[in-house]
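For reference, the structure discussed in these notes is given below.
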Amino acid sequence: MSRFSNLGHRLYQGEVSFDFVGRRKLWYSISGVIVLVAAIGLAMGLHLGIEFKGGSVYTVSKPGLTVSQAQDQANQVVSSHPLVQSTDNGKIRIQVSTEEPKSSDEVRAQLAEKIGVPLDTVEAQVIGPSWGKQISQKALTGLIIFMVLVTVYLAIAFEWRMAVAALVALIHDLLITIGVYALVGFEVTPGTVIGFLTILGYSLYDTVVVFDTVKENAKGITKQNKLTYSEAANAGLNQTLVRSLNTTVVALLPVAALLFIGGGFLGAGTLNDISLALFIGLAAGAYSSICVATPLLAQLKEEQPEMKALRKRVLQHRASAAAKAEDEVTGDELADEGQPAGMVGQRGRAAGTSRPKGRPSTKR
């Protein structure tokens with residue numbers, strides 16, 4: 001950990017630097033491939049939960065009843081591929097879609113008979129598709145309002161180029177997370193929507209931290225001729241790199257515990273709804289703030305006339321400095337070539353000068 005802290009200090013001081021901005025084409029290519037795979041997953045369709053598409057939910061409590069046993073028995077009762085999960089309180093939750101031709105009372109009675117429990121211990125809840133449609137519309141409305149407010153805030157607090165870069169990073173994270181949900185077949189529930197909105201807020205926070213440092217580094221940048229805007233942005237990115245990584249790791253640890261231990265090992269399937277969205281979104285948000293948002297910002301800024309002029313001055317200054325250094329080295333070499341053997345580099349004493357006083361002659 002001490003080495004990692006030392007690395008963070010060296011990154012902040014500029015002693016070590018990773019050229020993230022200069023390799024933006026590489027990051028764009030990686031993001032393009034990931035987004036393409038996510039788009040393929042979206043084309044295959046999302047597995048919407050019963051809250052969105054409607055259906056019936058039956059909750060059964062029986063000691064010793066496992067999810068696999070309940071799944072086998074539910075498959076004998078209904079023909080519409082029921083979803084069976086265990087709840088946090090040890091009960092079994094059976095979801096049946098609206099495509100099931102049997103009535104809810106008929107399914108409830110047959111489930112009680114197959115599982116071997118009294119009818120009154122099987123809880124039934126019927127959810128209509130209109131309720132799910134209403135929830136979907138409200139979630140979409142909330143997402144649009146969130147995006148608009150984010151864009152307006154960043155445009156006022158920073159500038160419109162930063163707002164565009166942050167918005168692209170947010171859409172990037174959202175597409176990846178939704179695409180992963182489609183590919184792995186996890187069910188989309190209201191908890192999933194909460195997870196989506198949470199990761200957008202986290203991704204925005206990480207991006208704003210980086211942009212704030214970039215803004216400080218680029219203050220008055222056109223008045224000098226040593227750094228381009230891309231180099232100043234890359235320096236700000238390196239200064240906040242360790243902080244971003246630390247924040248991401250600390251946030252991912254409890255989410256990973258929910259996803260892999262709670263949802264996977266302990267079988268609490270309801271935890272997967274929000275934990276997978278958080279896990280994928282947090283990782284994608286850290287990546288996008290470093291490899292998407294800041295390089296895109298630098299690319300947009302470099303299109304400004306004053307930044308193009310700055311880049312030209314910086315390159316001319318460096319070329320002039322390099323030529324001057326080369327001339328000095330060439331001059332030193334030529335001066336050394338005019339010296340007698342054993343006196344190369346001693347330019348304070350030319351060849352043929354008199355011997356110092358008091359030094360005996362070697363001539364006989």
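Letters A, B, ... mark the chains of the structure tokens in the order given; residue numbers begin at 1 per chain; ligand numbers begin at 1, in order shown.
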
Could you give me, as number ranges by chain, the residues within 12 Å of stretch 134-151 of chain A, counting only C-alpha atoms and dropping anything in the same chain fewer than 2 positions from it? A: 48-54, 128-132, 153-171, 174, 188-201, 203-205, 207-208

Fewer than 2 positions away in the same chain doesn't count, so skip those; otherwise give me all residues within 12 Å of A:Val180, counting only C-alpha atoms, as an MDAnalysis selection string. chainID A and resid 34:47 173:178 182:188 276:281 284

What gap, in Å, lies between atom CA of A:Ser79 and atom CA of A:Thr98? 11.3 Å

Can you pull out every residue within 12 Å of stretch 63-72 of chain A, counting only C-alpha atoms, but drop anything in the same chain fewer than 5 positions away, and send it as a PyMOL selection string? chain A and resi 58+77-79+81-87+89-96+111-112+114-117+267-269

Please produce a file of the residues just selected, as a PDB file, in the first residue's frame, where the atoms kept are N, CA and C atoms.
```pdb
ATOM      1  N   TYR A  58     -46.609 -16.023  -6.730  1.00  0.00           N
ATOM      2  CA  TYR A  58     -47.068 -16.938  -5.679  1.00  0.00           C
ATOM      3  C   TYR A  58     -45.917 -17.174  -4.711  1.00  0.00           C
ATOM      4  N   VAL A  77     -47.203 -27.469 -13.254  1.00  0.00           N
ATOM      5  CA  VAL A  77     -48.487 -26.773 -13.087  1.00  0.00           C
ATOM      6  C   VAL A  77     -48.737 -25.786 -14.223  1.00  0.00           C
ATOM      7  N   VAL A  78     -47.721 -24.989 -14.565  1.00  0.00           N
ATOM      8  CA  VAL A  78     -47.881 -23.955 -15.589  1.00  0.00           C
ATOM      9  C   VAL A  78     -46.994 -24.280 -16.785  1.00  0.00           C
ATOM     10  N   SER A  79     -47.344 -23.723 -17.924  1.00  0.00           N
ATOM     11  CA  SER A  79     -46.608 -24.004 -19.161  1.00  0.00           C
ATOM     12  C   SER A  79     -45.872 -22.790 -19.708  1.00  0.00           C
ATOM     13  N   HIS A  81     -43.091 -21.179 -18.544  1.00  0.00           N
ATOM     14  CA  HIS A  81     -41.730 -21.030 -18.007  1.00  0.00           C
ATOM     15  C   HIS A  81     -41.707 -20.150 -16.751  1.00  0.00           C
ATOM     16  N   PRO A  82     -42.217 -20.623 -15.639  1.00  0.00           N
ATOM     17  CA  PRO A  82     -42.236 -19.818 -14.410  1.00  0.00           C
ATOM     18  C   PRO A  82     -40.822 -19.561 -13.894  1.00  0.00           C
ATOM     19  N   LEU A  83     -40.663 -18.423 -13.234  1.00  0.00           N
ATOM     20  CA  LEU A  83     -39.387 -18.054 -12.625  1.00  0.00           C
ATOM     21  C   LEU A  83     -39.484 -18.294 -11.128  1.00  0.00           C
ATOM     22  N   VAL A  84     -38.599 -19.129 -10.594  1.00  0.00           N
ATOM     23  CA  VAL A  84     -38.621 -19.499  -9.176  1.00  0.00           C
ATOM     24  C   VAL A  84     -37.365 -18.950  -8.510  1.00  0.00           C
ATOM     25  N   GLN A  85     -37.541 -18.240  -7.392  1.00  0.00           N
ATOM     26  CA  GLN A  85     -36.436 -17.650  -6.640  1.00  0.00           C
ATOM     27  C   GLN A  85     -36.704 -17.818  -5.151  1.00  0.00           C
ATOM     28  N   SER A  86     -35.629 -17.764  -4.388  1.00  0.00           N
ATOM     29  CA  SER A  86     -35.761 -17.756  -2.927  1.00  0.00           C
ATOM     30  C   SER A  86     -35.717 -16.315  -2.442  1.00  0.00           C
ATOM     31  N   THR A  87     -36.495 -15.989  -1.437  1.00  0.00           N
ATOM     32  CA  THR A  87     -36.535 -14.633  -0.893  1.00  0.00           C
ATOM     33  C   THR A  87     -35.633 -14.542   0.326  1.00  0.00           C
ATOM     34  N   ASN A  89     -36.409 -13.947   3.357  1.00  0.00           N
ATOM     35  CA  ASN A  89     -36.970 -14.532   4.576  1.00  0.00           C
ATOM     36  C   ASN A  89     -37.171 -16.044   4.472  1.00  0.00           C
ATOM     37  N   GLY A  90     -36.542 -16.681   3.461  1.00  0.00           N
ATOM     38  CA  GLY A  90     -36.577 -18.135   3.357  1.00  0.00           C
ATOM     39  C   GLY A  90     -37.770 -18.694   2.597  1.00  0.00           C
ATOM     40  N   LYS A  91     -38.603 -17.856   2.039  1.00  0.00           N
ATOM     41  CA  LYS A  91     -39.752 -18.330   1.276  1.00  0.00           C
ATOM     42  C   LYS A  91     -39.377 -18.533  -0.193  1.00  0.00           C
ATOM     43  N   ILE A  92     -40.236 -19.236  -0.920  1.00  0.00           N
ATOM     44  CA  ILE A  92     -40.050 -19.478  -2.345  1.00  0.00           C
ATOM     45  C   ILE A  92     -41.013 -18.607  -3.125  1.00  0.00           C
ATOM     46  N   ARG A  93     -40.477 -17.885  -4.107  1.00  0.00           N
ATOM     47  CA  ARG A  93     -41.279 -16.948  -4.913  1.00  0.00           C
ATOM     48  C   ARG A  93     -41.381 -17.487  -6.335  1.00  0.00           C
ATOM     49  N   ILE A  94     -42.617 -17.695  -6.805  1.00  0.00           N
ATOM     50  CA  ILE A  94     -42.866 -18.253  -8.138  1.00  0.00           C
ATOM     51  C   ILE A  94     -43.584 -17.192  -8.968  1.00  0.00           C
ATOM     52  N   GLN A  95     -42.952 -16.800 -10.077  1.00  0.00           N
ATOM     53  CA  GLN A  95     -43.531 -15.794 -10.954  1.00  0.00           C
ATOM     54  C   GLN A  95     -44.078 -16.469 -12.211  1.00  0.00           C
ATOM     55  N   VAL A  96     -45.283 -16.097 -12.572  1.00  0.00           N
ATOM     56  CA  VAL A  96     -45.945 -16.644 -13.755  1.00  0.00           C
ATOM     57  C   VAL A  96     -46.364 -15.475 -14.635  1.00  0.00           C
ATOM     58  N   LEU A 111     -50.580 -25.481  -7.299  1.00  0.00           N
ATOM     59  CA  LEU A 111     -49.264 -25.344  -6.659  1.00  0.00           C
ATOM     60  C   LEU A 111     -49.317 -25.865  -5.230  1.00  0.00           C
ATOM     61  N   ALA A 112     -50.384 -25.522  -4.496  1.00  0.00           N
ATOM     62  CA  ALA A 112     -50.517 -26.006  -3.120  1.00  0.00           C
ATOM     63  C   ALA A 112     -50.575 -27.526  -3.082  1.00  0.00           C
ATOM     64  N   LYS A 114     -49.327 -29.694  -5.435  1.00  0.00           N
ATOM     65  CA  LYS A 114     -48.068 -30.281  -5.852  1.00  0.00           C
ATOM     66  C   LYS A 114     -46.987 -30.147  -4.782  1.00  0.00           C
ATOM     67  N   ILE A 115     -46.926 -28.975  -4.155  1.00  0.00           N
ATOM     68  CA  ILE A 115     -45.885 -28.740  -3.152  1.00  0.00           C
ATOM     69  C   ILE A 115     -46.219 -29.426  -1.836  1.00  0.00           C
ATOM     70  N   GLY A 116     -47.524 -29.637  -1.595  1.00  0.00           N
ATOM     71  CA  GLY A 116     -47.933 -30.310  -0.368  1.00  0.00           C
ATOM     72  C   GLY A 116     -48.102 -29.378   0.802  1.00  0.00           C
ATOM     73  N   VAL A 117     -48.737 -28.233   0.577  1.00  0.00           N
ATOM     74  CA  VAL A 117     -48.985 -27.273   1.652  1.00  0.00           C
ATOM     75  C   VAL A 117     -50.452 -26.875   1.600  1.00  0.00           C
ATOM     76  N   GLY A 267     -27.812 -17.620  -2.311  1.00  0.00           N
ATOM     77  CA  GLY A 267     -29.047 -17.851  -3.061  1.00  0.00           C
ATOM     78  C   GLY A 267     -30.119 -16.809  -2.873  1.00  0.00           C
ATOM     79  N   ALA A 268     -29.771 -15.625  -2.385  1.00  0.00           N
ATOM     80  CA  ALA A 268     -30.761 -14.552  -2.235  1.00  0.00           C
ATOM     81  C   ALA A 268     -30.910 -13.845  -3.572  1.00  0.00           C
ATOM     82  N   GLY A 269     -31.741 -14.397  -4.445  1.00  0.00           N
ATOM     83  CA  GLY A 269     -31.836 -13.911  -5.810  1.00  0.00           C
ATOM     84  C   GLY A 269     -32.297 -12.480  -5.938  1.00  0.00           C
TER      85      GLY A 269
END
```

Quick one, how far is atom CA of A:Thr248 from atom CA of A:Ala286?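 Separation between atom CA of A:Thr248 and atom CA of A:Ala286: 6.6 Å.
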
From atom CA of A:Thr59 to atom CA of A:Gln73 the spacing works out at 13.7 Å

Counting only C-alpha atoms, what is within 12 Å of A:Asp105, bar same-chain residues fewer than 3 positions away, as a list in words? Ser56, Val57, Tyr58, Pro101, Lys102, Arg108, Ala109, Gln110, Leu111, Ala112, Leu119, Asp120, Val122, Glu123, Ala124, Gln125 and Val126 of chain A

Using N, CA and C atoms, can you write the selected residues to a file as a short mmCIF file (atom, residue, chain, number, x, y, z; two decimals), in the first residue's frame?
```cif
data_model
loop_
_atom_site.label_atom_id
_atom_site.label_comp_id
_atom_site.auth_asym_id
_atom_site.auth_seq_id
_atom_site.Cartn_x
_atom_site.Cartn_y
_atom_site.Cartn_z
N SER A 56 -48.51 -13.04 -12.39
CA SER A 56 -48.90 -13.45 -11.03
C SER A 56 -47.67 -13.89 -10.25
N VAL A 57 -47.70 -13.61 -8.96
CA VAL A 57 -46.61 -14.00 -8.06
C VAL A 57 -47.21 -14.85 -6.95
N TYR A 58 -46.61 -16.02 -6.73
CA TYR A 58 -47.07 -16.94 -5.68
C TYR A 58 -45.92 -17.17 -4.71
N PRO A 101 -52.44 -19.53 -19.61
CA PRO A 101 -53.89 -19.58 -19.86
C PRO A 101 -54.71 -19.86 -18.61
N LYS A 102 -54.14 -20.49 -17.59
CA LYS A 102 -54.90 -20.82 -16.38
C LYS A 102 -55.11 -19.57 -15.54
N ARG A 108 -52.90 -21.36 -8.20
CA ARG A 108 -52.64 -21.36 -6.75
C ARG A 108 -53.04 -22.69 -6.13
N ALA A 109 -54.20 -23.21 -6.53
CA ALA A 109 -54.66 -24.48 -5.97
C ALA A 109 -53.75 -25.64 -6.39
N GLN A 110 -53.34 -25.66 -7.63
CA GLN A 110 -52.49 -26.75 -8.11
C GLN A 110 -51.09 -26.68 -7.52
N LEU A 111 -50.58 -25.48 -7.30
CA LEU A 111 -49.26 -25.34 -6.66
C LEU A 111 -49.32 -25.87 -5.23
N ALA A 112 -50.38 -25.52 -4.50
CA ALA A 112 -50.52 -26.01 -3.12
C ALA A 112 -50.58 -27.53 -3.08
N LEU A 119 -53.80 -24.69 1.16
CA LEU A 119 -54.07 -23.66 0.16
C LEU A 119 -53.92 -22.25 0.73
N ASP A 120 -54.31 -22.07 1.99
CA ASP A 120 -54.25 -20.72 2.54
C ASP A 120 -52.83 -20.25 2.85
N VAL A 122 -50.45 -20.41 0.58
CA VAL A 122 -49.89 -19.95 -0.70
C VAL A 122 -50.43 -18.55 -0.97
N GLU A 123 -49.55 -17.57 -0.90
CA GLU A 123 -49.94 -16.18 -1.13
C GLU A 123 -49.89 -15.88 -2.62
N ALA A 124 -50.91 -15.21 -3.11
CA ALA A 124 -50.99 -14.88 -4.54
C ALA A 124 -51.15 -13.37 -4.72
N GLN A 125 -50.46 -12.87 -5.74
CA GLN A 125 -50.55 -11.44 -6.08
C GLN A 125 -50.58 -11.31 -7.59
N VAL A 126 -51.58 -10.63 -8.10
CA VAL A 126 -51.74 -10.44 -9.54
C VAL A 126 -51.40 -9.00 -9.88
#
```

From stretch 61-165 of chain A, collect each residue whose DSSP state is strand (DSSP E) and return the set as an NGL selection string. :A and (83-86 or 92-97 or 123-127)

Writer output for current selection, C-alpha atoms, as a CSV table (one decimal), in the first residue's frame:
```
chain,number,residue,atom,x,y,z
A,83,LEU,CA,-39.4,-18.1,-12.6
A,84,VAL,CA,-38.6,-19.5,-9.2
A,85,GLN,CA,-36.4,-17.6,-6.6
A,86,SER,CA,-35.8,-17.8,-2.9
A,92,ILE,CA,-40.1,-19.5,-2.3
A,93,ARG,CA,-41.3,-16.9,-4.9
A,94,ILE,CA,-42.9,-18.3,-8.1
A,95,GLN,CA,-43.5,-15.8,-11.0
A,96,VAL,CA,-45.9,-16.6,-13.8
A,97,SER,CA,-46.3,-14.4,-16.8
A,123,GLU,CA,-49.9,-16.2,-1.1
A,124,ALA,CA,-51.0,-14.9,-4.5
A,125,GLN,CA,-50.5,-11.4,-6.1
A,126,VAL,CA,-51.7,-10.4,-9.5
A,127,ILE,CA,-50.0,-7.5,-11.3
```

In stretch 168-300 of chain A, DSSP alpha helix (DSSP H) residues written as an MDAnalysis selection string: chainID A and resid 168:184 190:217 229:239 241:256 272:288 294:300

Find the nearest atom pair between each residue of stretch 15-101 of chain A and stretch 241-244 of chain A for residues within 12 Å, count only C-alpha atoms, give distances in Å to one decimal, sort rows by chain and ascending number, and present the table as a tab-separated table.
```
residue	atom	partner	partner_atom	distance
A:Val16	CA	A:Leu241	CA	11.5
A:Ser17	CA	A:Leu241	CA	10.1
A:Phe18	CA	A:Leu241	CA	9.7
A:Asp19	CA	A:Leu241	CA	11.8
A:Phe20	CA	A:Leu241	CA	10.5
```

If we count only C-alpha atoms and set the cut-off at 6 Å, which residues sit around A:Val255, ignoring sequence neighbours fewer than 3 positions away in its own chain? Please answer as a compact mmCIF listing (two decimals) with all heavy atoms, in the first residue's frame.
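Printed below is around.txt as written:
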```txt
# COMPACT_ATOMS: atom_id res chain seq x y z
N LEU A 252 -16.78 -1.02 -4.98
CA LEU A 252 -17.07 -2.33 -5.57
C LEU A 252 -17.05 -3.46 -4.55
O LEU A 252 -17.74 -4.47 -4.75
CB LEU A 252 -16.05 -2.64 -6.68
CG LEU A 252 -16.27 -1.96 -8.03
CD1 LEU A 252 -15.13 -2.31 -8.98
CD2 LEU A 252 -17.60 -2.39 -8.64
N LEU A 258 -22.57 -8.40 -2.15
CA LEU A 258 -24.00 -8.61 -2.40
C LEU A 258 -24.24 -9.52 -3.60
O LEU A 258 -25.10 -10.41 -3.56
CB LEU A 258 -24.69 -7.26 -2.64
CG LEU A 258 -24.91 -6.34 -1.45
CD1 LEU A 258 -25.46 -5.01 -1.91
CD2 LEU A 258 -25.83 -6.98 -0.43
N SER A 275 -27.63 -5.36 -7.37
CA SER A 275 -26.19 -5.53 -7.21
C SER A 275 -25.47 -5.66 -8.55
O SER A 275 -24.36 -5.13 -8.72
CB SER A 275 -25.87 -6.73 -6.32
OG SER A 275 -26.42 -7.92 -6.86
```
